[in-house]
Every structure is written in C-alpha cells, then in structure tokens.
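Chemist: Next up is a structure, given as structure tokens.
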Amino acid sequence: MVEETPAPDALGIEEENAAIRGIDPESPAGYLAFRDALFRKKKKNGWKYVESPYPLLEAALADTHAHLALLSDPALSLARCAIGGVDFVCTIVDAYEDGDATYGLLDEWRGEALRILPDVFDATRAALAVERERGGMQLSHEGMAADEWRANRCPCEVPAIPAVRVAAGVHPHNASHWDEDVESRLYAMLADFATCALGEVGLDYHYDLSPRAVQRDVFRRQIAMAHECGLPLILHMRDAHDDGFAILEEEGWPAAGVLLHCCSVGPDELSRWIERGSYVAFGGAVTFSRSDDLRASANIVPENRLLTETDAPYMAPVPFRGIECAPEFTAFTAAYLAQLRDIEAGGDREAFLAALHMNALRLMGRGPTPWQQTHGEGGRA
C-alpha cells in the first residue's frame with residue numbers, strides 16, 4: 001500500500017517555501033508551496049502527489065479561458081505550464097472590475113516564469129526522487145514516470161513559456177456599471193494587440209447580479225463592438241441560453257467567431273449553437289460526477305470546434321476539486337475529453353489534441369485585426 005503522508009523532507013520543503021512565499025500550506029493553493037511542476041491533491045494529513053495523465057500526452061495544449069490575475073502565483077503557473085506542455089493561455093480581463101493592470105503584467109509574469117524555470121525543474125526532480133522511493137509510479141517512458149520524463153528532458157527540448165493573449169469585456173454580473181467611461185476603457189483594451197477576443201460577455205440569469213434588461217442591453221452593445229473590431233466573442237451564458245441565442249440571431253453572429261465558454265447545457269440545447277458555428281469549450285466541470293449532460297455535449301461537438309479551458313482559479317478537474325485551479329490543469333481535462341470520445345493514447349490522441357490546439361490558435365492566436373491596426377499601437381491599453 002502506498003503511503004499517502006508526504007515524506008518528512010518534502011514536508012519541510014513545503015513549509016519553508018510556504019513561509020517565504022506567504023502561502024498557507026493548508027489553503028486551496030497550498031500545493032504551490034512545493035515550487036515544482038507536480039500535481040497534488042489535498043488530503044487530511046497533507047498533499048498527495050498525483051501523476052500527470054498517463055500515458056504522457058502527445059501534443060501541446062491550450063487553455064482558452066483563465067483568470068491569471070486571480071491566481072496565487074501566475075508566474076509559477078506559467079513555468080509549470082512550460083514543463084507540462086501548455087503553450088497558449090487566454091486570460092480574461094473585465095473592463096469595469098479589473099482595470100488594465102493585466103496588460104502591464106503580461107511580460108512581467110512571463111519573464112519571471114522564464115527566470116524561475118530552472119529552479120522549478122530542480123524542485124520537480126527532487127520531489128520525484130522522494131516519490132520514487134515511496135513507489136506507485138507508472139513507468140511509461142524509458143523506465144520513467146511521465147513527470148520524471150518531463151523533468152529530465154534536455155533543456156533544448158523544453159517548450160517556451162506559454163504565449164498569453166487577453167480577452168476583454170464586461171461580464172453580465174457587472175452590466176449595471178456600464179457607462180461611457182467603461183465603454184471607452186473597453187475600446188482601449190480592444191485596440192491593444194495583446195487582445196484576441198471580446199469577452200467574457202453575455203447573460204447570467206442564475207445570480208441576476210445585474211437586472212436582466214440591463215444585461216441584455218449591454219450584451220447587444222458588446223456584440224456590436226465585436227462586429228466593429230473584428231474580434232471573436234467569448235460568451236458567458238448561465239440559465240439564459242434562449243435569450244442569448246435570440247439576441248445573437250437579431251444582432252448577427254460575429255464573423256470572427258463565437259465561443260460558448262464553460263459549456264453548461266446538454267446536447268439538445270447545444271445542437272443549435274453548433275449549427276450556428278459556435279466553438280464550445282469544456283473545463284473541469286465535464287469531469288464532475290454529476291455532469292452527464294456535459295459529457296453528452298462534449299461528444300457531439302465537431303472536433304474542429306472543440307476547445308479546452310480551465311476558468312482558473314475555479315473548477316479544478318477531478319481529482320483536484322476544492323483546490324486552486326490553474327492553466328496547467330488543462331492536461332487532465334484534455335486527457336478526459338479524449339477518453340470520453342474513445343480516443344486511445346498514441347497517434348489517434350496526438351491528432352485529436354493537435355486539432356484542439358489548432359482550434360485555439362485559429363480563434364485566438366491570430367494577428368491584429370484591421371480595426372486594431374487602425375486604432376491601436378501594439379502597446380498596452
């Protein structure tokens with residue numbers, strides 16, 4: 001039987017790093033105190049190592065929806081992504097709630113991730129040596145576990161720190177705060193070449209934090225802005241799909257694309273969104289035990305419009321529920337989607353994952369639109 005209590009040396013490292021970084025080892029982000037690229041789940045007596053998807057995923061991954069500014073350590077997450085194979089992240093900015101700080105921090109986060117990357121590798125190898133002594137690893141690559149193989153690669157084989165793009169919009173929760181100043185601020189963000197989409201926007205009738213009529217008006221305005229700016233639209237729809245669909249039919253579906261973020265409906269509802277050409281993204285929720293409708297939906301999305309996301313720091317996938325999610329957790333959702341669609345490891349899964357990655361780049365990895373070239377200077381908003 002594998003011992004689940006962290007070895008004394010590992011616990012000491014965790015506590016020492018936690019003190020340095022100001023991270024509570026018992027918090028949902030406590031696994032970050034190890035300062036390595038391993039995944040862990042919370043146990044009553046500490047943190048238990050969870051091996052990366054087995055066998056090792058064969059292609060690069062993209063997280064099309066995260067909130068980097070809300071993470072406990074965005075730079076560490078990006079370093080972990082580099083080791084784990086996530087090479088593209090779209091982070092969300094709300095023009096009312098967040099301001100433009102994220103734009104100024106993108107280079108700082110990526111630069112710090114590059115600086116600490118060797119240390120993260122070293123910490124990963126040290127932690128894996130402890131785990132190997134405890135046993136239980138699946139030795140899948142040249143006598144090594146998936147994480148060991150990653151941690152012992154030649155530096156020239158390590159992917160770059162992920163490219164990070166921004167989606168900017170006003171969330172339906174904040175629709176009641178829309179005014180000329182917010183609209184002007186959003187236009188400035190959309191003109192920035194780092195911005196790849198307008199979002200997340202839409203309707204939320206679950207919480208109703210803004211009046212529904214106001215939500216609808218602000219949604220219409222932002223659809224018009226997506227048309228004007230030539231940018232894809234990232235949707236937040238919760239308990240409001242009928243109204244959201246009707247408004248898009250009336251205002252027109254942006255030619256640059258529409259992404260239904262955090263799919264929350266079954267296949268009967270989703271079918272019409274697919275028919276209208278929507279991309280559909282799935283995160284950790286598809287792995288939850290009560291998500292049978294989502295699993296059915298994930299099986300009907302055409303491969304060329306299926307996307308992975310995390311919505312980090314929220315909704316970590318199984319078996320990590322209850323801890324802080326981050327872009328590197330995309331690996332578990334991607335592996336789950338492949339399994340759900342009966343795609344086996346090897347060449348078939350490599351082609352599937354490569355298709356999902358290309359979907360993300362096709363939608364969010366494009367260069368500046370003609371509108372951005374006219375209205376922006378490529379700098380920060």
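By order in the structure tokens, chains are A, B, ...; within a chain, residues start at 1; ligands start at 1, following the order shown.
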If we count only C-alpha atoms and set the cut-off at 10 Å, which residues sit around A:Tyr103, ignoring sequence neighbours fewer than 3 positions away in its own chain? Please answer as a list in words.
Modeler: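 Near neighbours after the sequence-gap exclusion: Val93, Gly99, Asp100, Leu106, Asp107, Glu108, Arg165, Val166, Met189, Asp192, Ala194, Thr195, Gly379, Arg380 and Ala381 of chain A.
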Chemist: Applying 9 Å and only C-alpha atoms, which residues near A:Pro302 remain after dropping the ones on its own chain fewer than 4 positions away? List them as a PyMOL selection string.
Modeler: chain A and resi 274+279+298+306
Chemist: Take the residues from that selection and put them in a file with C-alpha atoms, as an mmCIF file, in the first residue's frame.
Modeler:
```
data_model
loop_
_atom_site.group_PDB
_atom_site.id
_atom_site.type_symbol
_atom_site.label_atom_id
_atom_site.label_comp_id
_atom_site.auth_asym_id
_atom_site.auth_seq_id
_atom_site.Cartn_x
_atom_site.Cartn_y
_atom_site.Cartn_z
ATOM 1 C CA ILE A 274 -23.142 24.145 -33.015
ATOM 2 C CA TYR A 279 -16.833 26.913 -30.767
ATOM 3 C CA ALA A 298 -18.708 17.042 -25.362
ATOM 4 C CA LEU A 306 -13.895 21.793 -29.586
#
```
Chemist: Apply DSSP to the structure's backbone, then extract all residues of stretch 194-301 of chain A labelled helix (DSSP H, G or I) and return them as a PyMOL selection string.
Modeler: chain A and resi 212-229+241-251+267-275+284-287+292-300
Chemist: Excluding A:Leu356 and any residue of its chain fewer than 3 positions from it, enumerate the residues within 12 Å of it, using only C-alpha atoms, and give them as a PyMOL selection string.
Modeler: chain A and resi 59-64+88+279-282+301-309+330+333-335+337-338+349-353+359-363
Chemist: Would you put the residues from that selection into a file with C-alpha atoms, as a PDB file, in the first residue's frame?
Modeler:
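Dumped everything to result_16.pdb:
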```pdb
ATOM      1  CA  ALA A  59       0.705  17.218 -28.215  1.00  0.00           C
ATOM      2  CA  ALA A  60       0.758  20.776 -26.906  1.00  0.00           C
ATOM      3  CA  LEU A  61      -2.310  22.118 -25.089  1.00  0.00           C
ATOM      4  CA  ALA A  62      -4.143  25.448 -24.880  1.00  0.00           C
ATOM      5  CA  ASP A  63      -6.125  26.971 -22.035  1.00  0.00           C
ATOM      6  CA  THR A  64      -8.636  29.238 -23.754  1.00  0.00           C
ATOM      7  CA  PHE A  88      -1.052  29.015 -25.005  1.00  0.00           C
ATOM      8  CA  TYR A 279     -16.833  26.913 -30.767  1.00  0.00           C
ATOM      9  CA  VAL A 280     -17.509  25.125 -27.475  1.00  0.00           C
ATOM     10  CA  ALA A 281     -15.080  24.950 -24.538  1.00  0.00           C
ATOM     11  CA  PHE A 282     -15.022  22.458 -21.679  1.00  0.00           C
ATOM     12  CA  VAL A 301     -19.084  18.964 -30.713  1.00  0.00           C
ATOM     13  CA  PRO A 302     -17.259  18.704 -34.036  1.00  0.00           C
ATOM     14  CA  GLU A 303     -13.558  18.178 -33.498  1.00  0.00           C
ATOM     15  CA  ASN A 304     -12.719  21.387 -35.370  1.00  0.00           C
ATOM     16  CA  ARG A 305     -14.723  23.477 -32.884  1.00  0.00           C
ATOM     17  CA  LEU A 306     -13.895  21.793 -29.586  1.00  0.00           C
ATOM     18  CA  LEU A 307     -11.700  23.661 -27.075  1.00  0.00           C
ATOM     19  CA  THR A 308     -10.127  23.114 -23.669  1.00  0.00           C
ATOM     20  CA  GLU A 309     -10.172  25.647 -20.849  1.00  0.00           C
ATOM     21  CA  THR A 330      -5.740  21.662 -18.801  1.00  0.00           C
ATOM     22  CA  THR A 333      -9.398  17.857 -18.967  1.00  0.00           C
ATOM     23  CA  ALA A 334      -7.773  17.204 -22.344  1.00  0.00           C
ATOM     24  CA  ALA A 335      -6.994  13.606 -21.399  1.00  0.00           C
ATOM     25  CA  LEU A 337     -12.093  14.507 -23.318  1.00  0.00           C
ATOM     26  CA  ALA A 338     -10.015  12.086 -25.369  1.00  0.00           C
ATOM     27  CA  ARG A 349      -4.853  11.024 -29.426  1.00  0.00           C
ATOM     28  CA  GLU A 350      -1.963  13.070 -30.762  1.00  0.00           C
ATOM     29  CA  ALA A 351      -4.060  14.040 -33.789  1.00  0.00           C
ATOM     30  CA  PHE A 352      -7.042  14.840 -31.572  1.00  0.00           C
ATOM     31  CA  LEU A 353      -5.046  17.042 -29.179  1.00  0.00           C
ATOM     32  CA  ASN A 359      -8.692  25.359 -32.889  1.00  0.00           C
ATOM     33  CA  ALA A 360      -7.459  27.628 -30.089  1.00  0.00           C
ATOM     34  CA  LEU A 361      -4.795  29.250 -32.260  1.00  0.00           C
ATOM     35  CA  ARG A 362      -7.195  29.680 -35.172  1.00  0.00           C
ATOM     36  CA  LEU A 363      -9.672  31.511 -32.941  1.00  0.00           C
TER      37      LEU A 363
END
```
Chemist: Please identify all polymer residues within 12 Å of A:Ala129, counting only C-alpha atoms, omitting same-chain residues fewer than 2 positions from it, and present them as a list in words.
Modeler: Ala7, Asp9, Ala10, Asp122, Ala123, Thr124, Arg125, Ala126, Ala127, Glu131, Arg132, Glu133, Arg134, Gly135, Met137, Met144, Ala145, Asp147, Glu148, Ala151 and Asn152 of chain A
Chemist: Taking the DSSP assignment computed from this structure's backbone, write out as a count of residues only all residues of stretch 26-174 of chain A that belong to strand (DSSP E).
Modeler: 37
Chemist: Which residue gives the smallest distance to A:Arg80 among A:Leu117, A:Leu270, A:Ile23, A:Ala101, with only C-alpha atoms counted?
Modeler: A:Leu117
Chemist: Go through A:Ala355, A:Ile223, A:Ala113, A:Leu233 one by one, measure the shortest atom-to-atom distance of each to A:Glu249 using only C-alpha atoms, and give the residue with the smallest value.
Modeler: A:Ile223
Chemist: Using only C-alpha atoms, find the one residue out of A:Tyr205, A:Tyr96, A:Trp273, A:Phe332 that sits nearest to A:Val286.
Modeler: A:Phe332
Chemist: When distances are computed from only C-alpha atoms, which of A:His206, A:Arg212, A:His65, A:Arg366 shows the smallest separation from A:Leu235?
Modeler: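 Closest to A:Leu235, using only C-alpha atoms: A:His65.
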Chemist: Got a sec: who's within 8 Å of A:Phe329, counting only C-alpha atoms, leaving out chain neighbours fewer than 6 positions off, as a PyMOL selection string?
Modeler: chain A and resi 310+316-317
Chemist: What does the structure give for the distance between atom CA of A:Arg153 and atom CA of A:Ile116, in Å to one decimal?
Modeler: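 So the two atoms, atom CA of A:Arg153 and atom CA of A:Ile116, lie 16.7 Å apart.
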Chemist: What is the distance between atom CA of A:Ala167 and atom CA of A:Leu198, in Å to one decimal?
Modeler: 5.3 Å
Chemist: Please determine, counting only C-alpha atoms, which residue among A:Asp242, A:Asp36, A:Glu26, A:Glu251 has the shortest atom-to-atom distance to A:Ala224.
Modeler: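 Closest to A:Ala224 of all the choices is A:Glu251.
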Chemist: May I ask for the distance between atom CA of A:Tyr314 and atom CA of A:Met358, given in Å to one decimal place?
Modeler: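 Separation of atom CA of A:Tyr314 and atom CA of A:Met358: 24.6 Å.
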Chemist: Any idea what's packed within 10 Å of A:Arg115, counting only C-alpha atoms, ignoring anything in its chain fewer than 6 positions away? Could you give it as a PyMOL selection string?
Modeler: chain A and resi 75+79+109
